[in-house]
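Reproduced below: entry37.txt, with compact mmCIF, C-alpha atoms.
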# COMPACT_ATOMS: atom_id res chain seq x y z
CA MET O 1 98.79 114.22 88.49
CA GLY O 2 102.10 116.12 88.32
CA THR O 3 105.12 115.24 90.38
CA LEU O 4 104.98 113.34 93.65
CA HIS O 5 106.78 114.81 96.64
CA ILE O 6 108.46 112.46 99.07
CA ASP O 7 107.56 114.75 102.01
CA ARG O 8 103.84 114.38 101.28
CA ILE O 9 104.14 110.57 101.18
CA LEU O 10 106.11 110.51 104.45
CA GLU O 11 103.57 112.82 106.14
CA THR O 12 100.69 110.59 104.98
CA CYS O 13 102.45 107.51 106.39
CA ILE O 14 102.92 109.17 109.80
CA LYS O 15 99.41 110.67 109.89
CA ARG O 16 97.71 107.37 109.07
CA GLY O 17 99.88 105.34 111.45
CA ALA O 18 101.30 103.10 108.70
CA SER O 19 104.39 100.98 109.35
CA ASP O 20 105.92 100.91 105.84
CA ILE O 21 105.88 102.70 102.48
CA HIS O 22 106.47 100.81 99.20
CA LEU O 23 107.48 102.72 96.07
CA THR O 24 107.69 100.58 92.94
CA VAL O 25 107.11 101.12 89.23
CA GLY O 26 103.59 100.30 87.96
CA ARG O 27 101.72 100.97 91.23
CA PRO O 28 100.89 104.14 93.16
CA PRO O 29 102.74 104.47 96.48
CA VAL O 30 101.55 101.72 98.84
CA LEU O 31 101.29 101.90 102.66
CA ARG O 32 101.29 98.95 105.04
CA LEU O 33 98.49 99.78 107.45
CA HIS O 34 97.77 97.42 110.40
CA GLY O 35 99.45 94.62 108.47
CA HIS O 36 97.58 95.20 105.16
CA LEU O 37 98.81 96.87 101.95
CA ARG O 38 96.82 99.96 100.87
CA SER O 39 97.50 102.00 97.68
CA LEU O 40 97.44 105.79 97.94
CA GLU O 41 95.09 107.54 95.52
CA THR O 42 97.81 109.21 93.49
CA LYS O 43 99.43 108.58 90.12
CA VAL O 44 100.94 105.24 89.17
CA LEU O 45 104.72 105.48 89.55
CA GLU O 46 106.88 105.66 86.40
CA PRO O 47 110.58 104.68 86.36
CA GLU O 48 111.63 108.35 86.59
CA ASP O 49 109.34 108.86 89.64
CA THR O 50 111.05 106.18 91.73
CA VAL O 51 114.47 107.60 90.72
CA SER O 52 113.55 111.17 91.78
CA LEU O 53 111.88 109.99 95.03
CA MET O 54 114.99 107.92 95.82
CA LYS O 55 117.34 110.85 95.09
CA ALA O 56 115.35 113.13 97.41
CA ILE O 57 116.28 111.05 100.48
CA THR O 58 119.38 108.99 99.62
CA PRO O 59 122.88 110.21 100.65
CA ASP O 60 125.51 110.30 97.87
CA ARG O 61 127.47 107.46 99.51
CA ASN O 62 124.40 105.20 99.26
CA GLN O 63 123.59 106.30 95.69
CA GLN O 64 127.11 105.18 94.80
CA GLU O 65 126.42 101.81 96.46
CA ILE O 66 123.24 101.37 94.35
CA GLN O 67 125.37 101.85 91.21
CA GLU O 68 127.94 99.29 92.37
CA GLU O 69 125.88 96.72 94.30
CA GLY O 70 122.32 97.18 92.98
CA GLY O 71 120.96 98.21 96.39
CA THR O 72 121.58 100.01 99.68
CA ASP O 73 120.19 100.44 103.21
CA PHE O 74 120.26 103.55 105.39
CA GLY O 75 118.26 105.49 107.95
CA PHE O 76 117.24 109.17 108.06
CA ALA O 77 115.28 111.51 110.32
CA PHE O 78 112.14 113.21 108.98
CA GLY O 79 112.20 116.35 111.13
CA ASP O 80 110.83 115.59 114.60
CA ALA O 81 108.06 113.38 113.25
CA GLY O 82 110.02 110.14 113.03
CA ARG O 83 112.93 108.23 111.55
CA PHE O 84 112.76 105.95 108.53
CA ARG O 85 114.84 102.89 107.74
CA VAL O 86 115.18 102.70 103.96
CA SER O 87 115.99 99.87 101.57
CA VAL O 88 116.59 100.79 97.91
CA PHE O 89 116.98 97.98 95.36
CA ARG O 90 116.81 97.27 91.64
CA GLN O 91 114.06 95.12 90.16
CA LYS O 92 113.43 94.54 86.42
CA GLY O 93 115.99 97.26 85.75
CA ASN O 94 114.05 99.88 87.74
CA LEU O 95 114.46 101.20 91.27
CA ALA O 96 112.16 100.26 94.14
CA VAL O 97 112.20 101.81 97.62
CA VAL O 98 110.81 100.47 100.92
CA LEU O 99 110.70 102.76 103.96
CA ARG O 100 109.98 101.48 107.48
CA LEU O 101 108.74 104.10 109.97
CA ILE O 102 110.58 104.02 113.29
CA PRO O 103 108.48 105.94 115.82
CA ASN O 104 110.25 108.69 117.73
CA ARG O 105 108.67 107.75 121.03
CA LEU O 106 110.13 104.75 122.81
CA LEU O 107 107.50 102.44 124.29
CA THR O 108 107.37 101.05 127.83
CA PHE O 109 107.40 97.38 128.89
CA GLU O 110 103.66 97.61 129.64
CA GLU O 111 102.80 99.18 126.27
CA ILE O 112 104.39 96.39 124.25
CA GLY O 113 103.25 93.71 126.70
CA LEU O 114 106.69 92.33 127.58
CA PRO O 115 106.83 89.70 130.32
CA LYS O 116 107.42 91.32 133.73
CA ILE O 117 110.61 89.35 134.37
CA SER O 118 112.30 91.10 131.40
CA GLN O 119 112.89 94.11 133.67
CA ALA O 120 114.70 91.96 136.24
CA LEU O 121 116.84 90.42 133.48
CA CYS O 122 117.85 93.91 132.29
CA ARG O 123 119.43 94.42 135.72
CA ARG O 124 121.75 91.45 135.28
CA PRO O 125 125.43 92.39 135.11
CA ARG O 126 126.26 89.81 132.43
CA GLY O 127 124.78 87.30 130.00
CA LEU O 128 123.26 86.98 126.53
CA PHE O 129 119.62 88.01 125.94
CA LEU O 130 118.27 87.10 122.48
CA VAL O 131 115.14 88.48 120.81
CA THR O 132 114.07 86.35 117.86
CA GLY O 133 111.36 86.17 115.24
CA PRO O 134 110.76 86.74 111.54
CA THR O 135 111.50 90.07 109.81
CA GLY O 136 108.98 92.74 110.81
CA SER O 137 107.98 91.07 114.10
CA GLY O 138 109.03 94.05 116.23
CA LYS O 139 112.41 92.79 117.48
CA THR O 140 114.03 96.23 117.10
CA THR O 141 111.24 97.89 119.10
CA THR O 142 111.53 95.31 121.89
CA LEU O 143 115.30 95.81 122.14
CA ALA O 144 114.91 99.61 122.07
CA THR O 145 112.43 99.36 124.98
CA MET O 146 114.89 97.28 127.03
CA LEU O 147 117.81 99.61 126.31
CA ASP O 148 115.68 102.63 127.21
CA TYR O 149 114.74 100.95 130.52
CA ILE O 150 118.45 100.43 131.33
CA ASN O 151 119.30 103.93 130.10
CA THR O 152 116.61 105.49 132.33
CA ASN O 153 117.23 103.47 135.51
CA PHE O 154 120.92 102.51 135.73
CA ASP O 155 124.32 104.12 135.24
CA ARG O 156 125.81 101.94 132.53
CA HIS O 157 127.93 102.48 129.43
CA ILE O 158 125.83 101.12 126.54
CA VAL O 159 127.44 100.53 123.13
CA THR O 160 125.23 99.53 120.19
CA VAL O 161 126.31 98.18 116.79
CA GLU O 162 123.50 98.52 114.24
CA GLU O 163 122.96 98.42 110.48
CA PRO O 164 121.48 101.00 110.14
CA ILE O 165 120.78 102.79 113.47
CA GLU O 166 117.02 102.74 113.92
CA TYR O 167 115.97 104.20 117.27
CA TYR O 168 118.10 107.13 118.41
CA HIS O 169 118.76 107.03 122.18
CA MET O 170 119.66 110.11 124.20
CA HIS O 171 122.04 109.91 127.19
CA LYS O 172 119.92 109.57 130.35
CA LYS O 173 121.23 107.94 133.54
CA SER O 174 123.43 105.81 131.27
CA LEU O 175 125.96 106.86 128.66
CA ILE O 176 125.03 105.50 125.22
CA ASN O 177 127.18 105.29 122.07
CA GLN O 178 125.59 104.00 118.85
CA ARG O 179 127.83 102.79 116.01
CA GLU O 180 126.46 102.29 112.50
CA VAL O 181 127.94 99.54 110.33
CA GLY O 182 129.11 101.05 107.04
CA LEU O 183 129.32 104.55 108.48
CA ASP O 184 131.19 104.34 111.81
CA VAL O 185 132.67 100.86 111.46
CA PRO O 186 133.07 98.50 108.44
CA SER O 187 131.44 95.37 109.92
CA PHE O 188 129.74 93.83 112.96
CA SER O 189 132.72 91.58 113.64
CA GLU O 190 135.17 94.53 113.50
CA ALA O 191 132.97 96.54 115.91
CA LEU O 192 132.76 93.60 118.32
CA ARG O 193 136.50 93.01 118.15
CA ARG O 194 137.03 96.55 119.42
CA VAL O 195 134.07 96.97 121.75
CA LEU O 196 135.65 95.25 124.76
CA ARG O 197 138.29 98.00 124.90
CA GLN O 198 135.56 100.65 125.16
CA ASP O 199 134.65 99.87 128.80
CA PRO O 200 131.06 98.80 127.99
CA ASP O 201 128.56 97.43 130.53
CA VAL O 202 125.83 96.70 127.98
CA ILE O 203 126.36 95.79 124.31
CA LEU O 204 123.66 95.63 121.65
CA VAL O 205 124.53 93.75 118.46
CA GLY O 206 121.91 94.40 115.75
CA GLU O 207 121.97 90.83 114.47
CA LEU O 208 123.91 87.58 114.96
CA ARG O 209 124.27 86.93 111.27
CA ASP O 210 127.55 85.02 110.98
CA LEU O 211 129.82 82.73 112.94
CA GLU O 212 132.34 85.43 113.85
CA THR O 213 129.63 87.72 115.27
CA MET O 214 128.08 84.86 117.26
CA GLU O 215 131.48 83.94 118.76
CA SER O 216 132.20 87.56 119.67
CA ALA O 217 128.78 88.06 121.28
CA ILE O 218 129.11 84.89 123.39
CA ARG O 219 132.66 85.88 124.39
CA ALA O 220 131.49 89.37 125.41
CA ALA O 221 128.76 87.82 127.60
CA GLU O 222 131.31 85.43 129.08
CA THR O 223 133.72 88.23 129.99
CA GLY O 224 131.15 90.03 132.13
CA HIS O 225 128.94 92.12 129.83
CA LEU O 226 125.17 92.16 129.26
CA VAL O 227 124.71 91.48 125.54
CA PHE O 228 121.46 91.90 123.58
CA SER O 229 120.99 90.70 120.02
CA THR O 230 118.52 89.31 117.47
CA VAL O 231 118.33 86.10 115.44
CA HIS O 232 115.91 85.33 112.59
CA THR O 233 114.51 82.16 114.11
CA THR O 234 111.12 81.10 115.45
CA GLY O 235 110.76 79.63 118.90
CA CYS O 236 113.23 79.46 121.79
CA GLN O 237 114.22 75.84 121.22
CA GLY O 238 114.89 76.56 117.52
CA THR O 239 117.06 79.55 118.43
CA VAL O 240 119.36 77.52 120.68
CA ASN O 241 119.69 74.81 117.99
CA ARG O 242 120.34 77.37 115.26
CA ILE O 243 123.26 78.94 117.15
CA ILE O 244 124.83 75.57 118.01
CA ASP O 245 124.37 74.29 114.43
CA ALA O 246 126.10 77.38 113.00
CA PHE O 247 129.40 76.16 114.48
CA PRO O 248 131.63 73.43 113.02
CA HIS O 249 130.92 70.00 114.49
CA GLU O 250 134.11 69.91 116.57
CA GLN O 251 133.21 73.21 118.29
CA GLN O 252 129.59 72.39 119.09
CA GLU O 253 130.32 70.72 122.43
CA GLN O 254 132.20 73.80 123.64
CA ILE O 255 129.44 76.18 122.39
CA ARG O 256 126.80 74.14 124.26
CA VAL O 257 128.76 74.63 127.48
CA GLN O 258 129.26 78.35 126.79
CA LEU O 259 125.59 78.90 125.93
CA SER O 260 124.41 76.93 128.97
CA THR O 261 126.33 79.29 131.28
CA ASN O 262 125.92 82.60 129.38
CA LEU O 263 122.48 82.60 127.78
CA ILE O 264 120.02 84.24 130.19
CA ALA O 265 116.81 84.41 128.13
CA VAL O 266 115.26 84.06 124.67
CA LEU O 267 112.19 86.07 123.71
CA SER O 268 110.62 84.90 120.46
CA GLN O 269 107.86 87.05 119.02
CA ALA O 270 105.32 87.23 116.21
CA LEU O 271 103.41 90.39 115.31
CA CYS O 272 99.67 89.88 114.76
CA PRO O 273 97.02 92.29 113.40
CA LYS O 274 94.33 92.91 116.05
CA LEU O 275 90.65 92.32 115.27
CA GLY O 276 90.05 96.09 115.40
CA LYS O 277 92.96 98.31 114.48
CA GLY O 278 96.61 98.05 115.35
CA MET O 279 99.04 95.22 115.98
CA ILE O 280 99.93 93.08 119.00
CA ALA O 281 102.99 90.93 119.64
CA ALA O 282 102.55 87.30 120.69
CA TYR O 283 105.50 86.07 122.75
CA GLU O 284 107.30 82.87 123.54
CA PHE O 285 109.59 83.42 126.49
CA MET O 286 112.32 81.24 127.95
CA VAL O 287 114.39 82.12 131.02
CA VAL O 288 117.49 79.95 131.34
CA THR O 289 116.96 78.19 134.68
CA PRO O 290 119.45 75.57 135.98
CA ALA O 291 117.18 72.88 134.45
CA ILE O 292 117.22 74.49 130.98
CA SER O 293 120.95 75.15 131.30
CA ASN O 294 121.45 71.40 131.81
CA LEU O 295 119.31 70.57 128.75
CA ILE O 296 121.45 72.85 126.57
CA ARG O 297 124.71 71.42 127.95
CA GLU O 298 123.54 67.80 127.58
CA ASN O 299 122.24 68.29 124.02
CA LYS O 300 118.60 67.67 125.04
CA THR O 301 117.15 70.84 123.55
CA PHE O 302 114.10 68.86 122.33
CA ARG O 303 112.91 68.98 125.97
CA ILE O 304 113.08 72.78 126.23
CA ASP O 305 109.40 73.28 125.28
CA SER O 306 108.16 71.16 128.19
CA SER O 307 110.50 73.06 130.55
CA ILE O 308 108.99 76.34 129.33
CA GLN O 309 105.53 74.96 130.19
CA THR O 310 106.54 74.09 133.72
CA GLY O 311 108.32 77.44 134.14
CA LYS O 312 105.23 79.65 134.35
CA LYS O 313 106.30 81.02 137.73
CA TYR O 314 109.32 82.58 135.99
CA GLY O 315 107.01 84.22 133.43
CA MET O 316 107.78 81.60 130.76
CA GLN O 317 105.22 80.74 128.08
CA LEU O 318 105.01 78.99 124.73
CA LEU O 319 104.00 80.99 121.65
CA ASP O 320 100.94 78.82 120.99
CA GLU O 321 99.67 79.32 124.55
CA HIS O 322 99.87 83.10 124.12
CA LEU O 323 98.19 82.97 120.68
CA LEU O 324 95.34 80.88 122.12
CA GLN O 325 94.91 83.36 124.98
CA LEU O 326 94.83 86.31 122.54
CA PHE O 327 92.14 84.47 120.55
CA LYS O 328 90.13 83.71 123.73
CA ASP O 329 90.33 87.39 124.69
CA HIS O 330 88.94 88.37 121.24
CA ILE O 331 92.11 90.30 120.38
CA ILE O 332 93.12 88.29 117.28
CA SER O 333 91.18 86.12 114.81
CA ALA O 334 91.21 82.32 114.72
CA GLU O 335 92.95 82.46 111.30
CA GLU O 336 95.71 84.67 112.69
CA ALA O 337 96.24 82.34 115.68
CA MET O 338 96.57 79.37 113.30
CA ASP O 339 98.80 81.25 110.81
CA LYS O 340 101.32 82.25 113.48
CA SER O 341 101.11 79.01 115.47
CA ARG O 342 104.07 76.61 115.61
CA ASN O 343 101.64 73.68 115.54
CA PRO O 344 98.64 74.77 113.40
CA GLY O 345 96.90 71.35 113.59
CA GLU O 346 96.71 71.37 117.39
CA MET O 347 95.80 75.06 117.42
CA GLN O 348 92.88 74.36 115.06
CA ASP O 349 91.64 71.53 117.32
CA LYS O 350 91.78 73.79 120.37
CA ILE O 351 89.98 76.66 118.64
CA GLU O 352 87.26 74.31 117.33
CA ALA O 353 86.81 72.92 120.85
CA LEU O 354 86.42 76.46 122.19
CA GLU O 355 83.97 77.44 119.45
CA LYS O 356 81.84 74.32 120.06
CA GLY O 357 81.52 75.44 123.66
CA SER O 358 83.36 72.46 125.11
CA ALA O 359 85.62 74.97 126.83
CA LEU O 360 84.83 78.38 128.17
CA PRO O 361 87.19 81.25 127.45
CA GLY O 362 88.45 82.69 130.69
CA PRO O 363 90.11 81.39 133.84
CA GLU O 364 87.09 79.53 135.23
CA GLY O 365 86.51 77.30 132.19
CA PRO O 366 86.38 73.50 132.55
CA LYS O 367 89.62 71.79 133.48
CA LYS O 368 90.10 69.49 130.50
CA PRO O 369 90.78 71.96 127.68
CA ARG O 370 93.12 73.99 129.91
CA ASP O 371 95.12 70.85 130.65
CA GLU O 372 95.28 70.16 126.94
CA GLY O 373 96.56 73.67 126.42
CA ASP O 374 99.23 73.14 129.03
CA ASP O 375 100.24 69.93 127.30
CA LEU O 376 100.69 71.56 123.91
CA PRO O 377 104.02 70.24 122.66
CA ARG O 378 103.72 66.75 124.11
CA GLY O 379 100.13 66.19 123.04
CA PRO O 380 99.65 63.39 120.50
CA LYS O 381 99.42 64.44 116.86
CA ALA O 382 95.81 64.93 115.78
Do you think you could lay out the structure here as structure tokens?
Amino acid sequence: MGTLHIDRILETCIKRGASDIHLTVGRPPVLRLHGHLRSLETKVLEPEDTVSLMKAITPDRNQQEIQEEGGTDFGFAFGDAGRFRVSVFRQKGNLAVVLRLIPNRLLTFEEIGLPKISQALCRRPRGLFLVTGPTGSGKTTTLATMLDYINTNFDRHIVTVEEPIEYYHMHKKSLINQREVGLDVPSFSEALRRVLRQDPDVILVGELRDLETMESAIRAAETGHLVFSTVHTTGCQGTVNRIIDAFPHEQQEQIRVQLSTNLIAVLSQALCPKLGKGMIAAYEFMVVTPAISNLIRENKTFRIDSSIQTGKKYGMQLLDEHLLQLFKDHIISAEEAMDKSRNPGEMQDKIEALEKGSALPGPEGPKKPRDEGDDLPRGPKA
């Protein structure tokens, strides 16, 4: 089949609307399309193919890192068509490359279905806003949407610390400086140590991955900045516990107090393939009300889920409630709702009840199943 050209593969990815490209020895190039892996009808990749495809896009600095560390991550722009985040790594002695397409166009709150109250929270002068979920659940896109909203509507100085930079933001009403770890600054913690001297209003930290970064982010929120970041956790309650548990036992009491006063919201998301084409995010959303603030301070985080249920007027919802609604609206399959659910047993019972006709999808259905849905976390185990 002759040589493969990286440009052709990148063009195919963009044209077909794929999210990722996988290049690995022994398979043709593979695209991730609407959540599923699809091989391109080209030659099977040999070891020398993955090396030449890697060299076509990888800066010298990162090629050096592959030699020393066995892998590297970076981002690059493919003309005006889009940016790619790239991970190169060794496997069985050969090179493999994974490229994630980062669309050029930033989405709006409505397009990604974010809860309405997120806009109001973006106006806050200070506090910590966390977006959580597994890898590939769209956290970066959600954060980019929020930053773009601030950038478009308010005059703020926004500083981001990312590894690598994914979405490029232009200066709009705000001034925005984006720092890349490894290129502009050696580490997250070093960037955060210096950021408070840069007169920021809004700080984005790509990920709270270690104790030092967590401490710095909480301190920045405490000293009067709006801080956005991500954590690889599922569920709002789990996120709060994960941050507290990351600290040594003797510091946990103090962190509970700091979180209770500085955390403003947690948005936990899961990306689901739609029944037709495309993907949709299912959300769990917690706004830190005085009641939830007290639960965090008093170490009663196990009661957060029931507070989220009673907080619907603030736009709060549990992940399983949103998944069930997406299933009722024929947007996702029953299997997908159960796969992504935090309590698959209860989700299965609810879906079976709906399918048997004991509950009608839609707002005017009988009362009982809707009450069950509202009682999700406290319901008895099936």
Subject >> Selection near Gly75 (chain O), 8 Å with only C-alpha atoms, sequence-local residues under 3 positions removed, as a PyMOL selection string >> reply: chain O and resi 83-86+164-166
**OP:** Mind listing whatever residues come within 12 Å of the point (114.0, 90.7, 114.7)? Use all atoms listed in the file, file coordinates, and give them as a VMD selection string.
**Re:** chain O and resid 130 to 144 205 to 209 228 to 234 267 to 271
**OP:** Write out as a list in words the residues lying within 7 Å of Val227 (chain O), counting only C-alpha atoms and excluding same-chain residues fewer than 3 positions away.
**Re:** Gly127, Leu128, Phe129, Val202, Ile203, Leu204, Ala217 and Ala221 of chain O
Subject >> Shell around region 107-119 of chain O at 9 Å using only C-alpha atoms, local window under 3 positions removed, as a list in words >> reply: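 Once the nearby chain positions are removed, what remains is Cys122, Arg123, Thr141, Thr142, Ala144, Thr145, Met146, Asp148, Tyr149, Ile150, Ala265, Ile280, Ala281, Ala282, Tyr283, Phe285, Val287, Tyr314, Gly315 and Met316 of chain O.
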List every residue of region 48-86 of chain O that has an atom at most 9 Å from any atom of region 7-24 of chain O, and for each one report the closest atom pair and its distance in Å to one decimal, counting all atoms listed in the file, with rows sorted by chain and then by increasing residue number, as a tab-separated table.
residue	atom	partner	partner_atom	distance
O:Thr50	CA	O:Leu23	CA	6.6
O:Leu53	CA	O:Leu23	CA	8.6
O:Phe78	CA	O:Leu10	CA	8.0
O:Ala81	CA	O:Ile14	CA	7.5
O:Gly82	CA	O:Ile14	CA	7.9
O:Phe84	CA	O:Asp20	CA	8.9
For C-alpha atoms, I'd like the residues from the last selection saved as a compact mmCIF listing (two decimals), in the coordinates of the input.
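This went into selection_24.txt:
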# COMPACT_ATOMS: atom_id res chain seq x y z
CA THR O 50 111.05 106.18 91.73
CA LEU O 53 111.88 109.99 95.03
CA PHE O 78 112.14 113.21 108.98
CA ALA O 81 108.06 113.38 113.25
CA GLY O 82 110.02 110.14 113.03
CA PHE O 84 112.76 105.95 108.53
**OP:** For CA of Lys55 (chain O) and CA of Pro186 (chain O), determine how far apart the two atoms are, in Å to one decimal place.
**Re:**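 Spanning CA of Lys55 (chain O) to CA of Pro186 (chain O) is a straight-line distance of 24.0 Å.
Shown here are all protein and nucleic acid residues lying within 8 Å of (111.1, 116.2, 93.3), with only C-alpha atoms considered: O:Thr3, O:Leu4, O:His5, O:Ile6, O:Ser52, O:Leu53, O:Ala56.
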With 8 Å added on each side, what axis-aligned box encloses every listed atom of region 112-131 of chain O? Give the centre and edge lengths in Å to one decimal, as AutoDock Vina command-line options.
--center_x 114.8 --center_y 91.7 --center_z 128.5 --size_x 39.0 --size_y 25.4 --size_z 31.4
Subject >> Separation of CA of Val44 (chain O) from CA of Gln91 (chain O), in Å and rounded to one decimal >> reply: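 Atom-to-atom, CA of Val44 (chain O) to CA of Gln91 (chain O), that is 16.6 Å.
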**OP:** Return the single residue from O:Met286, O:Ala120, O:Val185, O:Leu40 that is closest to Lys312 (chain O), with distances computed using all atoms listed in the file.
**Re:**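 Closest to Lys312 (chain O), using all atoms listed in the file: O:Met286.
Interatomic distance, CA of Val25 (chain O) to CA of Asp73 (chain O): 19.2 Å.
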Which residues of region 202-274 of chain O come within 8 Å of region 333-344 of chain O, and for each one, what is the closest pair of atoms and their distance in Å to one decimal, counting only C-alpha atoms, sorted by chain and residue number, as CSV?
residue,atom,partner,partner_atom,distance
O:Ala270,CA,O:Lys340,CA,6.9
O:Cys272,CA,O:Glu336,CA,6.9
O:Pro273,CA,O:Glu336,CA,7.8
O:Lys274,CA,O:Ser333,CA,7.6
Subject >> Neighbour list for Gly26 (chain O) as number ranges by chain, cut-off 9 Å, only C-alpha atoms, skip fewer than 4 positions in-chain >> reply: O: 44-47
Original post:
For Gly278 (chain O), which residue out of O:Ala96, O:Thr160, O:Ile331, O:Glu321 is the nearest one, using only C-alpha atoms?
Top reply: O:Ile331
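With all atoms listed in the file as the basis for measurement, O:Gln237 is the residue among O:Asn177, O:Ser216, O:Gln63, O:Gln237 that approaches Ser307 (chain O) most closely.
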